[in-house]
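Structure below is my_file-v4.tsv: TSV, C-alpha atoms and all ligand atoms.
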chain	number	residue	atom	x	y	z
P	1	MET	CA	-26.84	128.61	132.89
P	2	ALA	CA	-30.23	126.92	132.73
P	3	ALA	CA	-30.26	123.13	132.76
P	4	ALA	CA	-30.97	121.50	129.38
P	5	ALA	CA	-34.65	120.70	128.87
P	6	ARG	CA	-35.64	117.07	129.08
P	7	THR	CA	-37.99	115.59	126.49
P	8	LEU	CA	-40.13	112.62	127.40
P	9	ARG	CA	-41.87	110.56	124.77
P	10	ILE	CA	-45.23	109.31	125.94
P	11	GLY	CA	-47.32	106.55	124.35
P	12	LEU	CA	-51.05	107.32	124.42
P	13	ILE	CA	-53.30	104.26	124.51
P	14	PRO	CA	-56.90	105.51	124.90
P	15	GLY	CA	-58.46	102.06	124.44
P	16	ASP	CA	-62.25	101.90	124.58
P	17	GLY	CA	-65.20	103.89	125.89
P	18	ILE	CA	-64.40	106.92	128.05
P	19	GLY	CA	-60.70	106.08	127.70
P	20	ARG	CA	-60.97	108.10	124.46
P	21	GLU	CA	-62.41	111.05	126.37
P	22	VAL	CA	-60.02	111.15	129.31
P	23	ILE	CA	-56.65	110.33	127.71
P	24	PRO	CA	-56.74	113.55	125.61
P	25	ALA	CA	-57.17	115.42	128.92
P	26	GLY	CA	-54.02	113.67	130.17
P	27	ARG	CA	-52.12	114.84	127.13
P	28	ARG	CA	-53.39	118.41	127.58
P	29	ILE	CA	-52.15	118.67	131.15
P	30	LEU	CA	-48.67	117.50	130.12
P	31	GLU	CA	-48.61	120.13	127.38
P	32	ALA	CA	-49.74	122.79	129.86
P	33	LEU	CA	-47.04	122.22	132.49
P	34	PRO	CA	-45.11	125.44	133.18
P	35	SER	CA	-42.01	125.93	131.04
P	36	SER	CA	-39.98	126.62	134.19
P	37	LEU	CA	-39.96	122.84	134.76
P	38	ASN	CA	-37.79	122.48	131.67
P	39	LEU	CA	-39.81	119.52	130.48
P	40	ASN	CA	-41.03	118.82	126.97
P	41	PHE	CA	-43.21	116.02	125.72
P	42	SER	CA	-43.72	114.24	122.45
P	43	PHE	CA	-46.58	111.81	121.92
P	44	VAL	CA	-47.34	108.72	119.91
P	45	ASN	CA	-50.88	107.30	119.60
P	46	LEU	CA	-51.12	103.56	120.04
P	47	ASP	CA	-53.94	101.02	119.68
P	48	ALA	CA	-55.18	98.43	122.15
P	49	GLY	CA	-58.51	97.24	123.49
P	50	PHE	CA	-61.70	95.52	122.51
P	51	GLU	CA	-62.40	97.63	119.45
P	52	THR	CA	-58.85	96.99	118.24
P	53	PHE	CA	-59.52	93.29	118.78
P	54	GLN	CA	-62.70	93.45	116.71
P	55	LYS	CA	-60.91	95.26	113.89
P	56	THR	CA	-57.62	93.37	113.83
P	57	GLY	CA	-58.11	90.14	115.74
P	58	THR	CA	-55.71	91.12	118.52
P	59	ALA	CA	-56.32	93.32	121.56
P	60	LEU	CA	-52.66	94.27	121.81
P	61	PRO	CA	-50.94	94.73	118.44
P	62	ASP	CA	-47.18	93.98	118.35
P	63	LYS	CA	-46.62	97.51	117.06
P	64	THR	CA	-47.98	98.94	120.31
P	65	VAL	CA	-45.60	96.84	122.41
P	66	GLU	CA	-42.60	97.49	120.15
P	67	THR	CA	-43.19	101.24	120.05
P	68	LEU	CA	-43.47	101.40	123.83
P	69	LYS	CA	-40.25	99.40	124.21
P	70	LYS	CA	-38.20	101.20	121.59
P	71	GLU	CA	-39.42	104.77	121.61
P	72	CYS	CA	-41.25	105.66	124.77
P	73	ASP	CA	-40.26	106.76	128.25
P	74	GLY	CA	-43.74	106.15	129.66
P	75	ALA	CA	-47.36	105.76	128.65
P	76	LEU	CA	-50.95	106.55	129.51
P	77	PHE	CA	-53.56	103.83	129.23
P	78	GLY	CA	-57.28	104.69	129.20
P	79	ALA	CA	-59.59	101.73	129.64
P	80	VAL	CA	-60.70	98.62	127.84
P	81	SER	CA	-64.21	97.28	127.82
P	82	SER	CA	-64.59	93.76	129.03
P	83	PRO	CA	-67.21	91.86	127.02
P	84	SER	CA	-69.92	90.50	129.33
P	85	THR	CA	-69.68	87.03	127.77
P	86	LYS	CA	-66.38	85.36	127.03
P	87	VAL	CA	-65.16	86.10	123.50
P	88	ALA	CA	-62.83	83.50	121.99
P	89	GLY	CA	-59.30	84.82	121.50
P	90	TYR	CA	-59.82	88.00	123.52
P	91	SER	CA	-57.77	88.68	126.60
P	92	SER	CA	-57.03	91.87	128.49
P	93	PRO	CA	-54.30	93.94	126.81
P	94	ILE	CA	-53.24	95.64	130.04
P	95	VAL	CA	-52.52	92.28	131.69
P	96	ALA	CA	-50.45	91.31	128.63
P	97	LEU	CA	-48.64	94.66	128.67
P	98	ARG	CA	-47.68	94.24	132.32
P	99	LYS	CA	-46.10	90.89	131.45
P	100	LYS	CA	-44.36	92.00	128.27
P	101	LEU	CA	-42.82	95.09	129.87
P	102	ASP	CA	-42.24	93.43	133.26
P	103	LEU	CA	-44.30	96.05	135.08
P	104	TYR	CA	-44.07	94.31	138.40
P	105	ALA	CA	-45.68	96.89	140.65
P	106	ASN	CA	-49.22	98.18	140.63
P	107	VAL	CA	-49.38	101.43	142.51
P	108	ARG	CA	-52.69	102.86	143.65
P	109	PRO	CA	-52.90	106.07	145.63
P	110	VAL	CA	-56.13	106.85	147.44
P	111	LYS	CA	-56.53	110.43	148.55
P	112	THR	CA	-59.14	112.88	149.74
P	113	THR	CA	-58.51	116.59	149.94
P	114	ALA	CA	-58.52	118.48	153.22
P	115	GLY	CA	-61.48	120.62	152.13
P	116	SER	CA	-63.64	117.86	150.69
P	117	SER	CA	-63.38	115.18	153.38
P	118	ASN	CA	-65.59	115.10	156.46
P	119	GLY	CA	-63.02	113.60	158.78
P	120	LYS	CA	-59.25	113.62	158.47
P	121	PRO	CA	-58.00	113.53	154.88
P	122	ILE	CA	-57.00	110.13	153.52
P	123	ASP	CA	-53.63	109.98	151.81
P	124	LEU	CA	-52.42	106.44	151.29
P	125	VAL	CA	-50.95	104.35	148.51
P	126	ILE	CA	-51.18	100.62	147.97
P	127	VAL	CA	-48.17	99.00	146.33
P	128	ARG	CA	-49.23	95.63	145.00
P	129	GLU	CA	-46.86	92.96	143.72
P	130	ASN	CA	-48.00	92.08	140.23
P	131	THR	CA	-46.20	89.01	138.91
P	132	GLU	CA	-46.70	86.10	141.28
P	133	ASP	CA	-48.66	84.85	144.33
P	134	LEU	CA	-51.88	83.01	143.37
P	135	TYR	CA	-51.86	84.87	140.04
P	136	VAL	CA	-49.30	82.48	138.55
P	137	LYS	CA	-52.51	80.65	137.63
P	138	GLU	CA	-51.18	77.16	138.17
P	139	GLU	CA	-54.32	75.30	139.11
P	140	ARG	CA	-55.39	71.72	138.83
P	141	THR	CA	-58.47	69.65	139.58
P	142	GLU	CA	-58.52	66.00	140.50
P	143	GLU	CA	-61.40	63.59	140.80
P	144	GLY	CA	-61.28	62.04	144.28
P	145	PRO	CA	-63.42	59.46	146.09
P	146	ASN	CA	-65.47	62.29	147.62
P	147	GLY	CA	-65.75	64.41	144.46
P	148	LYS	CA	-63.49	66.92	142.82
P	149	VAL	CA	-60.61	68.63	144.60
P	150	ALA	CA	-59.06	71.75	143.11
P	151	GLU	CA	-55.72	73.29	144.06
P	152	ALA	CA	-53.82	76.45	143.15
P	153	ILE	CA	-50.18	77.34	143.60
P	154	LYS	CA	-49.31	80.40	145.64
P	155	ARG	CA	-45.75	81.33	144.65
P	156	ILE	CA	-43.74	83.93	146.53
P	157	SER	CA	-40.13	84.62	145.63
P	158	GLU	CA	-37.42	86.50	147.40
P	159	ARG	CA	-36.61	88.48	144.25
P	160	ALA	CA	-40.17	89.70	143.64
P	161	SER	CA	-40.75	90.43	147.34
P	162	HIS	CA	-37.51	92.36	147.53
P	163	ARG	CA	-38.13	94.56	144.51
P	164	ILE	CA	-41.72	95.38	145.46
P	165	SER	CA	-40.64	96.32	148.99
P	166	THR	CA	-37.81	98.44	147.66
P	167	ILE	CA	-40.17	100.34	145.37
P	168	ALA	CA	-42.55	100.82	148.32
P	169	GLY	CA	-39.69	102.35	150.33
P	170	GLU	CA	-38.76	104.64	147.46
P	171	ILE	CA	-42.37	105.75	147.09
P	172	ALA	CA	-42.57	106.53	150.82
P	173	LEU	CA	-39.47	108.73	150.61
P	174	ARG	CA	-40.68	110.50	147.48
P	175	ARG	CA	-44.13	111.16	148.95
P	176	GLN	CA	-42.42	112.87	151.84
P	177	GLY	CA	-40.64	115.11	149.33
P	178	ILE	CA	-43.87	115.91	147.48
P	179	ARG	CA	-45.60	116.76	150.77
P	180	ALA	CA	-42.81	119.19	151.54
P	181	ALA	CA	-43.36	120.81	148.12
P	182	ALA	CA	-47.15	120.97	148.60
P	183	PRO	CA	-47.67	121.71	152.30
P	184	GLY	CA	-51.07	121.28	153.90
P	185	THR	CA	-52.17	118.53	151.50
P	186	SER	CA	-51.53	115.59	153.82
P	187	SER	CA	-51.83	114.63	157.45
P	188	HIS	CA	-48.66	112.52	157.58
P	189	SER	CA	-45.50	113.85	159.15
P	190	GLN	CA	-43.16	110.85	158.85
P	191	PRO	CA	-42.96	108.33	155.99
P	192	MET	CA	-44.37	104.94	156.95
P	193	VAL	CA	-44.58	101.57	155.19
P	194	THR	CA	-46.98	98.89	156.40
P	195	ILE	CA	-46.11	95.35	155.29
P	196	THR	CA	-49.23	93.24	154.78
P	197	HIS	CA	-49.30	89.46	155.03
P	198	LYS	CA	-50.89	86.44	156.66
P	199	SER	CA	-47.76	84.73	157.89
P	200	ASN	CA	-49.48	83.49	161.05
P	201	VAL	CA	-51.22	80.97	158.76
P	202	LEU	CA	-49.00	80.84	155.67
P	203	SER	CA	-45.66	80.74	157.41
P	204	GLN	CA	-43.60	79.80	154.36
P	205	THR	CA	-45.08	81.87	151.53
P	206	ASP	CA	-46.26	84.94	153.42
P	207	GLY	CA	-43.47	84.31	155.90
P	208	LEU	CA	-40.95	84.77	153.09
P	209	PHE	CA	-42.72	87.91	151.89
P	210	ARG	CA	-42.68	89.39	155.37
P	211	GLU	CA	-39.07	88.52	156.09
P	212	THR	CA	-37.84	89.77	152.70
P	213	ALA	CA	-39.81	93.01	153.01
P	214	ARG	CA	-38.37	93.58	156.48
P	215	LYS	CA	-34.85	93.09	155.14
P	216	ALA	CA	-35.36	95.31	152.09
P	217	LEU	CA	-36.80	98.12	154.19
P	218	ALA	CA	-34.00	97.87	156.74
P	219	ALA	CA	-31.60	99.33	154.13
P	220	GLU	CA	-29.71	102.42	155.22
P	221	LYS	CA	-31.43	104.63	152.60
P	222	PHE	CA	-34.79	103.87	154.23
P	223	SER	CA	-33.71	104.71	157.77
P	224	SER	CA	-36.14	107.66	158.01
P	225	ILE	CA	-39.13	105.38	157.30
P	226	HIS	CA	-41.21	103.91	160.09
P	227	VAL	CA	-41.74	100.26	159.07
P	228	GLU	CA	-44.52	98.22	160.58
P	229	GLU	CA	-46.49	95.12	159.61
P	230	GLN	CA	-50.08	94.02	159.82
P	231	ILE	CA	-51.99	90.81	159.25
P	232	VAL	CA	-54.23	91.40	156.24
P	233	ASP	CA	-57.59	90.76	157.93
P	234	SER	CA	-56.94	93.17	160.76
P	235	MET	CA	-55.63	95.62	158.19
P	236	VAL	CA	-58.97	95.58	156.35
P	237	TYR	CA	-60.71	96.45	159.62
P	238	LYS	CA	-58.35	99.29	160.38
P	239	LEU	CA	-58.28	100.53	156.78
P	240	PHE	CA	-62.03	101.12	156.94
P	241	ARG	CA	-62.11	102.46	160.49
P	242	GLN	CA	-59.08	104.69	160.29
P	243	PRO	CA	-57.91	105.12	156.68
P	244	GLU	CA	-56.07	108.34	157.49
P	245	TYR	CA	-53.61	106.27	159.53
P	246	TYR	CA	-51.93	104.71	156.47
P	247	ASP	CA	-49.19	106.03	154.26
P	248	VAL	CA	-47.67	103.28	152.07
P	249	ILE	CA	-49.02	99.73	152.16
P	250	VAL	CA	-47.01	96.97	150.48
P	251	ALA	CA	-48.73	93.68	149.74
P	252	PRO	CA	-48.45	90.45	147.78
P	253	ASN	CA	-50.63	90.23	144.66
P	254	LEU	CA	-53.94	88.88	146.03
P	255	TYR	CA	-54.18	90.96	149.20
P	256	GLY	CA	-53.07	93.99	147.19
P	257	ASP	CA	-55.82	93.39	144.64
P	258	ILE	CA	-58.51	93.23	147.29
P	259	LEU	CA	-57.16	96.11	149.38
P	260	SER	CA	-56.87	98.31	146.26
P	261	ASP	CA	-60.52	98.04	145.32
P	262	GLY	CA	-61.64	98.31	148.91
P	263	ALA	CA	-59.60	101.45	149.48
P	264	ALA	CA	-60.89	103.02	146.25
P	265	ALA	CA	-64.40	102.76	147.71
P	266	LEU	CA	-63.34	105.14	150.49
P	267	VAL	CA	-63.17	108.17	148.23
P	268	GLY	CA	-66.60	108.28	146.61
P	269	SER	CA	-66.09	108.06	142.86
P	270	LEU	CA	-64.07	105.72	140.66
P	271	GLY	CA	-63.49	108.80	138.56
P	272	LEU	CA	-60.98	110.07	141.13
P	273	VAL	CA	-58.66	107.10	141.58
P	274	PRO	CA	-55.43	106.78	139.59
P	275	SER	CA	-52.96	103.94	139.26
P	276	ALA	CA	-49.60	103.19	137.72
P	277	ASN	CA	-48.05	100.00	136.40
P	278	VAL	CA	-44.37	100.27	137.15
P	279	GLY	CA	-41.23	98.39	136.18
P	280	ASP	CA	-37.57	99.30	136.15
P	281	GLY	CA	-37.34	102.44	134.06
P	282	PHE	CA	-40.90	102.40	132.70
P	283	ALA	CA	-44.31	103.42	133.99
P	284	ILE	CA	-47.82	103.39	132.58
P	285	GLY	CA	-50.40	105.67	134.19
P	286	GLU	CA	-53.91	104.23	134.13
P	287	PRO	CA	-57.14	105.49	135.72
P	288	CYS	CA	-58.72	102.77	137.88
P	289	HIS	CA	-62.12	103.01	136.27
P	290	GLY	CA	-63.20	100.97	133.25
P	291	SER	CA	-64.66	102.05	129.93
P	292	ALA	CA	-67.95	103.19	131.57
P	293	PRO	CA	-70.23	102.41	128.62
P	294	ASP	CA	-73.17	104.04	130.44
P	295	ILE	CA	-71.68	107.52	130.06
P	296	GLU	CA	-69.59	107.02	126.93
P	297	GLY	CA	-69.83	109.81	124.35
P	298	LYS	CA	-71.64	112.22	126.67
P	299	GLY	CA	-68.57	114.31	127.45
P	300	ILE	CA	-69.14	114.02	131.21
P	301	ALA	CA	-66.47	111.51	132.26
P	302	ASN	CA	-64.47	112.72	135.23
P	303	PRO	CA	-60.88	113.33	134.03
P	304	ILE	CA	-59.39	113.56	137.56
P	305	ALA	CA	-58.36	109.87	137.78
P	306	THR	CA	-56.46	110.32	134.53
P	307	LEU	CA	-54.86	113.62	135.55
P	308	ARG	CA	-53.66	112.01	138.78
P	309	SER	CA	-52.39	109.02	136.78
P	310	VAL	CA	-50.36	111.42	134.65
P	311	ALA	CA	-48.80	112.85	137.82
P	312	LEU	CA	-48.09	109.38	139.14
P	313	MET	CA	-46.39	108.41	135.87
P	314	LEU	CA	-44.24	111.54	136.13
P	315	GLU	CA	-43.18	110.56	139.64
P	316	PHE	CA	-41.81	107.29	138.31
P	317	LEU	CA	-40.13	109.03	135.39
P	318	GLY	CA	-38.13	111.06	137.90
P	319	GLU	CA	-40.19	114.28	137.76
P	320	PRO	CA	-41.71	114.72	141.24
P	321	ASN	CA	-41.90	118.52	140.92
P	322	ALA	CA	-44.05	118.29	137.80
P	323	ALA	CA	-46.19	115.68	139.57
P	324	ALA	CA	-46.62	117.92	142.62
P	325	LYS	CA	-47.90	120.76	140.39
P	326	ILE	CA	-50.64	118.50	138.99
P	327	TYR	CA	-51.60	117.12	142.42
P	328	THR	CA	-51.90	120.62	143.84
P	329	ALA	CA	-54.02	121.86	140.91
P	330	VAL	CA	-56.33	118.84	141.12
P	331	ASP	CA	-56.76	119.17	144.90
P	332	ALA	CA	-57.60	122.86	144.49
P	333	ASN	CA	-60.26	122.01	141.91
P	334	LEU	CA	-61.82	119.46	144.28
P	335	ASP	CA	-61.58	121.74	147.31
P	336	GLU	CA	-63.24	124.65	145.59
P	337	ALA	CA	-65.87	122.27	144.19
P	338	LYS	CA	-67.08	124.74	141.56
P	339	PHE	CA	-66.36	122.58	138.53
P	340	LEU	CA	-67.22	119.00	139.45
P	341	SER	CA	-68.43	116.30	137.07
P	342	PRO	CA	-71.80	114.55	137.63
P	343	ASP	CA	-70.25	111.53	139.42
P	344	MET	CA	-69.15	114.06	142.08
P	345	GLY	CA	-72.57	115.65	142.28
P	346	GLY	CA	-71.67	118.52	139.94
P	347	LYS	CA	-72.70	119.60	136.46
P	348	ALA	CA	-69.35	120.20	134.78
P	349	THR	CA	-68.26	118.45	131.60
P	350	THR	CA	-64.92	116.67	131.15
P	351	GLN	CA	-63.66	119.78	129.35
P	352	GLU	CA	-64.82	122.18	132.08
P	353	VAL	CA	-63.15	120.16	134.84
P	354	LEU	CA	-59.97	120.01	132.78
P	355	ASP	CA	-60.04	123.76	132.06
P	356	ASP	CA	-60.44	124.51	135.76
P	357	VAL	CA	-57.44	122.33	136.66
P	358	LEU	CA	-55.35	123.83	133.82
P	359	LYS	CA	-56.16	127.33	135.06
P	360	ARG	CA	-54.67	126.40	138.46
P	361	LEU	CA	-51.42	125.04	137.03
Z	1	LIG	P1	-65.84	98.02	132.24
Z	1	LIG	O1	-66.38	96.71	131.86
Z	1	LIG	O2	-65.08	98.68	131.15
Z	1	LIG	O3	-65.11	98.02	133.55
Z	1	LIG	P2	-68.11	99.02	133.70
Z	1	LIG	O4	-69.49	98.99	133.17
Z	1	LIG	O5	-67.71	98.09	134.77
Z	1	LIG	O6	-67.13	98.96	132.44
Z	1	LIG	P3	-66.72	101.13	135.01
Z	1	LIG	O7	-65.92	101.96	134.07
Z	1	LIG	O8	-66.00	100.11	135.80
Z	1	LIG	O9	-67.90	100.50	134.16
Z	1	LIG	O10	-67.54	102.13	135.92
Z	1	LIG	C1	-68.45	101.74	136.93
Z	1	LIG	C2	-69.40	102.91	137.20
Z	1	LIG	O11	-68.65	104.08	137.58
Z	1	LIG	C3	-70.19	103.32	135.97
Z	1	LIG	O12	-71.50	103.68	136.35
Z	1	LIG	C4	-69.47	104.50	135.43
Z	1	LIG	O13	-70.31	105.41	134.73
Z	1	LIG	C5	-68.87	105.15	136.66
Z	1	LIG	N1	-67.59	105.77	136.29
Z	1	LIG	C6	-66.44	105.13	136.07
Z	1	LIG	N2	-65.47	105.97	135.72
Z	1	LIG	C7	-66.01	107.20	135.71
Z	1	LIG	C8	-65.50	108.51	135.39
Z	1	LIG	N3	-64.23	108.74	135.03
Z	1	LIG	N4	-66.36	109.54	135.49
Z	1	LIG	C9	-67.63	109.36	135.85
Z	1	LIG	N5	-68.16	108.16	136.15
Z	1	LIG	C10	-67.37	107.09	136.08
Z	2	MG	MG	-65.65	97.87	135.72

Would you give me this structure, written as structure tokens?
Ligand code: ATP
Ligand code: MG
Amino acid sequence: MAAAARTLRIGLIPGDGIGREVIPAGRRILEALPSSLNLNFSFVNLDAGFETFQKTGTALPDKTVETLKKECDGALFGAVSSPSTKVAGYSSPIVALRKKLDLYANVRPVKTTAGSSNGKPIDLVIVRENTEDLYVKEERTEEGPNGKVAEAIKRISERASHRISTIAGEIALRRQGIRAAAPGTSSHSQPMVTITHKSNVLSQTDGLFRETARKALAAEKFSSIHVEEQIVDSMVYKLFRQPEYYDVIVAPNLYGDILSDGAAALVGSLGLVPSANVGDGFAIGEPCHGSAPDIEGKGIANPIATLRSVALMLEFLGEPNAAAKIYTAVDANLDEAKFLSPDMGGKATTQEVLDDVLKRL
């Protein structure tokens, strides 16, 4: 007897700019997944972003948060435009969403395909802690005899370090499974997690992160993972010299922020890089790019970052086989390089890239 089909309810939050052009592509690929996966989707459209702020006075309406909490299994978030000058009362809805839904991990895979890369293909993922470190934003300034002195708190907790390291271990194991389902797409043979820190200088804060990560990754279920650690500055050097070396990188908030953007630069276009905001039992897929006002409305935004974000969301919703199908179709599109958007040096529209990926599903 066939297993009962699973239905996932997905919140769609296109936001501003090209978010409105790429999120529909994300919905299409979910609808086009083969029926043999036994997966169905239902969708709910939700508002957030700068235009929502201009219309309603809030960038993140309560209804959006409530609907996500009560009805949805996961969500896709497009982009929000950031006004160039500070606008009173406006703050980023995605930052607020991460807090309200306790999405404590920011996950950013960076990948090149075997066919499209000059050297060895890159296939790494940065797992960034998202709730503490210097981002607790507890700063103060004092007037001293020699002028002002400003300080900021760097907070590292055992709980946050433990859960981010555990999720990094789980990601490493799952990636190994996806590689097995899509052979030839990666150069890694064994799962590896690299713990990033600066505990040679910050022995208490980063020392606690390092020690907690070591403990979390020493769990029996992670015994197949090779665990190593690296001081963040030497990691930056190696990440740029030898990116193909890395598999999963786990980092406290600030180092993770910097490493994520740096690593994204390794693959050419922002239009390729996905991310996910992950908590316990919930995940929001989000392309790394912004609202790209320079190409808005032209129908040429690259949908690949969004399609990969959809796959990443599915991984965290417990559907790695569905995710692997999308990854394989996207890699094939890039490898064949017949339908590439202008940011990749091609001439294809958003729709044409999407159609080519759908054809390969
Ligand atoms: P925002 O303030 O919303 O971040 P931005 O002006 O910084 O907007 P980004 O979205 O961050 O713009 O994009 C930076 C550059 O990369 C822009 O030139 C943009 O056109 C390009 N870009 C970003 N995403 C894509 C995409 N999906 N497809 C094609 N080009 C993209
Ligand atoms: Mg930007």

Between atom CA of P:Met192 and atom CA of P:His226, what distance in Å does the model show, to one decimal?
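Computed distance, atom CA of P:Met192 to atom CA of P:His226, equals 4.6 Å.
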
Test item: residues no farther than 10 Å from ligand MG 2 (chain Z), counting all atoms listed in the file, as a PyMOL selection string:
chain P and resi 79-82+270+288-293

Can you tell me, as a VMD selection string, what residues are no more than 12 Å from P:Asn321 when counting all atoms listed in the file, ignoring any on the same chain fewer than 3 positions away?
chain P and resid 33 to 34 36 to 39 174 to 175 177 to 182 311 to 312 314 to 318 324 to 328

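Proximity to P:Glu71 was assessed for P:Ile10, P:Ala59, P:Ile153, P:Leu202 counting all atoms listed in the file; the smallest distance is recorded for P:Ile10.
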
Within 9 Å of ligand LIG 1 (chain Z), counting only C-alpha atoms and all ligand atoms, which protein or nucleic acid residues do you find, written as a short mmCIF file (atom, residue, chain, number, x, y, z; two decimals) with C-alpha atoms, in the coordinates of the input?
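Writing the result to out23.cif gives the following:
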data_model
loop_
_atom_site.label_atom_id
_atom_site.label_comp_id
_atom_site.auth_asym_id
_atom_site.auth_seq_id
_atom_site.Cartn_x
_atom_site.Cartn_y
_atom_site.Cartn_z
CA ASP P 16 -62.25 101.90 124.58
CA GLY P 17 -65.20 103.89 125.89
CA ILE P 18 -64.40 106.92 128.05
CA GLY P 19 -60.70 106.08 127.70
CA VAL P 22 -60.02 111.15 129.31
CA ALA P 79 -59.59 101.73 129.64
CA VAL P 80 -60.70 98.62 127.84
CA SER P 81 -64.21 97.28 127.82
CA SER P 82 -64.59 93.76 129.03
CA PRO P 83 -67.21 91.86 127.02
CA SER P 84 -69.92 90.50 129.33
CA SER P 269 -66.09 108.06 142.86
CA LEU P 270 -64.07 105.72 140.66
CA GLY P 271 -63.49 108.80 138.56
CA LEU P 272 -60.98 110.07 141.13
CA VAL P 273 -58.66 107.10 141.58
CA PRO P 287 -57.14 105.49 135.72
CA CYS P 288 -58.72 102.77 137.88
CA HIS P 289 -62.12 103.01 136.27
CA GLY P 290 -63.20 100.97 133.25
CA SER P 291 -64.66 102.05 129.93
CA ALA P 292 -67.95 103.19 131.57
CA PRO P 293 -70.23 102.41 128.62
CA ASP P 294 -73.17 104.04 130.44
CA ILE P 295 -71.68 107.52 130.06
CA GLU P 296 -69.59 107.02 126.93
CA ILE P 300 -69.14 114.02 131.21
CA ALA P 301 -66.47 111.51 132.26
CA ASN P 302 -64.47 112.72 135.23
CA PRO P 303 -60.88 113.33 134.03
CA ILE P 304 -59.39 113.56 137.56
CA ALA P 305 -58.36 109.87 137.78
CA THR P 306 -56.46 110.32 134.53
CA SER P 341 -68.43 116.30 137.07
CA PRO P 342 -71.80 114.55 137.63
CA ASP P 343 -70.25 111.53 139.42
CA MET P 344 -69.15 114.06 142.08
CA THR P 350 -64.92 116.67 131.15
#

From P:Ala172, P:Ile122, P:Val44, P:Ala348, residue lying nearest P:Ile13 [all atoms listed in the file]:
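Between P:Ala172, P:Ile122, P:Val44, P:Ala348, the residue approaching P:Ile13 most closely is P:Val44.
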
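Taking only C-alpha atoms into account, P:Val201 lies nearest to P:Val232 out of the set P:Ser309, P:Gln54, P:Val232, P:Tyr246.
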
Please list as a short mmCIF file (atom, residue, chain, number, x, y, z; two decimals) with C-alpha atoms, in the coordinates of the input every residue within 12 Å of P:Thr52, counting all atoms listed in the file and excluding residues in the same chain fewer than 2 positions away.
data_model
loop_
_atom_site.label_atom_id
_atom_site.label_comp_id
_atom_site.auth_asym_id
_atom_site.auth_seq_id
_atom_site.Cartn_x
_atom_site.Cartn_y
_atom_site.Cartn_z
CA ILE P 13 -53.30 104.26 124.51
CA PRO P 14 -56.90 105.51 124.90
CA GLY P 15 -58.46 102.06 124.44
CA ASP P 16 -62.25 101.90 124.58
CA LEU P 46 -51.12 103.56 120.04
CA ASP P 47 -53.94 101.02 119.68
CA ALA P 48 -55.18 98.43 122.15
CA GLY P 49 -58.51 97.24 123.49
CA PHE P 50 -61.70 95.52 122.51
CA GLN P 54 -62.70 93.45 116.71
CA LYS P 55 -60.91 95.26 113.89
CA THR P 56 -57.62 93.37 113.83
CA GLY P 57 -58.11 90.14 115.74
CA THR P 58 -55.71 91.12 118.52
CA ALA P 59 -56.32 93.32 121.56
CA LEU P 60 -52.66 94.27 121.81
CA PRO P 61 -50.94 94.73 118.44
CA THR P 64 -47.98 98.94 120.31
CA VAL P 80 -60.70 98.62 127.84
CA SER P 81 -64.21 97.28 127.82
CA TYR P 90 -59.82 88.00 123.52
CA SER P 91 -57.77 88.68 126.60
CA SER P 92 -57.03 91.87 128.49
CA PRO P 93 -54.30 93.94 126.81
#

To one decimal place in Å, what is the distance between atom CA of P:Asn333 and atom CA of P:Lys298?
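Computing the Euclidean distance for atom CA of P:Asn333 and atom CA of P:Lys298 yields 21.4 Å.
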
Just want the 12 Å neighbourhood of stretch 221-225 of chain P, counted on all atoms listed in the file, with same-chain residues fewer than 3 positions away dropped. Output as a ChimeraX atom specification.
/P:165-176,188-194,214-218,228,247-248
